[in-house]
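One structure below.
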Amino acid sequence: MSMRSPLGRARGLGSAKSGTQHWWAQRLTAIALVPLTIWFVIAMVAATGSDYTTARAFIGNPVTAVLLVLLIVATFHHAQLGLQVVIEDYVHTKSVEIALLLAIKGAAIVLALAAIFAVLSIAFGGA
Amino acid sequence: MATDNRPLSPHLQVYKPQLTSVLSILHRLTGVALAIGTLLLVWWLIAAASGPGAYDAAQSFIGSFLGRLLLLGWTFALFYHLSNGIRHLAWDIGWGFELGTAYTTGWLVVIVSIVLTLVSWIGGYAARGGG
């Protein structure tokens, strides 16, 4: 039996049943994404219409490759945190909610990994 | 404990839409749209890693009418979510909650998003040589 009061046990727990970690991670990734996104848009505008060889030279450039990997990690982490809140707010059937949360988080991991693998394989000169 | 039949807050449609509330839901909508838009980036990167055939297929989709329309929408969504996200970060440190300031920064976000979208597309067409 817990000696803590009901208020003490509830304090800091939101609808997601956790404390401030989610909120904080959302802000950290948001701050990281400000410069990364600005760089990304400028780089992609400059790369508009690139042919295969030019695009690979662009992606495989060490600076671009590192920034792309950082962008991918921050983007998918930020996206799955955000989509989680949207699902928690609007989906009120627990089984559907859990299924969607698993799908979103799984998809974020798979897509991020695929994108990072693609960048690294180009950067390391593989086929 | 049954929670299904609890009364809900007044329905959203009884409220007159305001700039602040419209921008608030637009932040969420653009966030969801951008999450879907990552599929295009992942496709493009994997295509570039896969070979010339896959890359040309991705490029021809992006260059198609539908591809450009989606990309235009995502460009605006990105700039909106970015600039309104900075507005949110300012609120997080306690700045900009006054009603007048909230409206000023709201309109600023709208204008900046439209201008940066146009600038990016002019830049993109210039990079392509007008094509």
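Identifiers in the structure tokens: chain A, B, ... in order shown; residue index from 1 per chain; ligand index from 1 in order shown.
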query: Residues of chain B within 7 Å of chain A, using only C-alpha atoms, as a PyMOL selection string?
result: chain B and resi 32+35+42+45-46+48-50+52+55+82+120+123-124+127-128
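Coordinates place atom CA of B:Leu70 at a distance of 12.3 Å from atom CA of B:Leu41.
Using only C-alpha atoms for every distance, the candidate list B:Thr75, B:Ser21, B:Thr104, B:Asn84 yields B:Thr75 as the residue closest to B:Thr117.
The protein and nucleic acid residues lying at most 8 Å from B:Ala33 are Leu29, Gly37, Trp74 and Ala77 of chain B, with only C-alpha atoms considered and sequence neighbours fewer than 4 positions away removed.
Here the question is which of B:Leu118, B:Leu26, B:Val110, B:Leu39 gets nearest to A:Val110 using only C-alpha atoms, and that residue is B:Leu39.
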- request: Please measure the separation of atom CA of B:Ser113 and atom CA of A:Leu36, giving the value in Å to one decimal.
  value: 16.9 Å
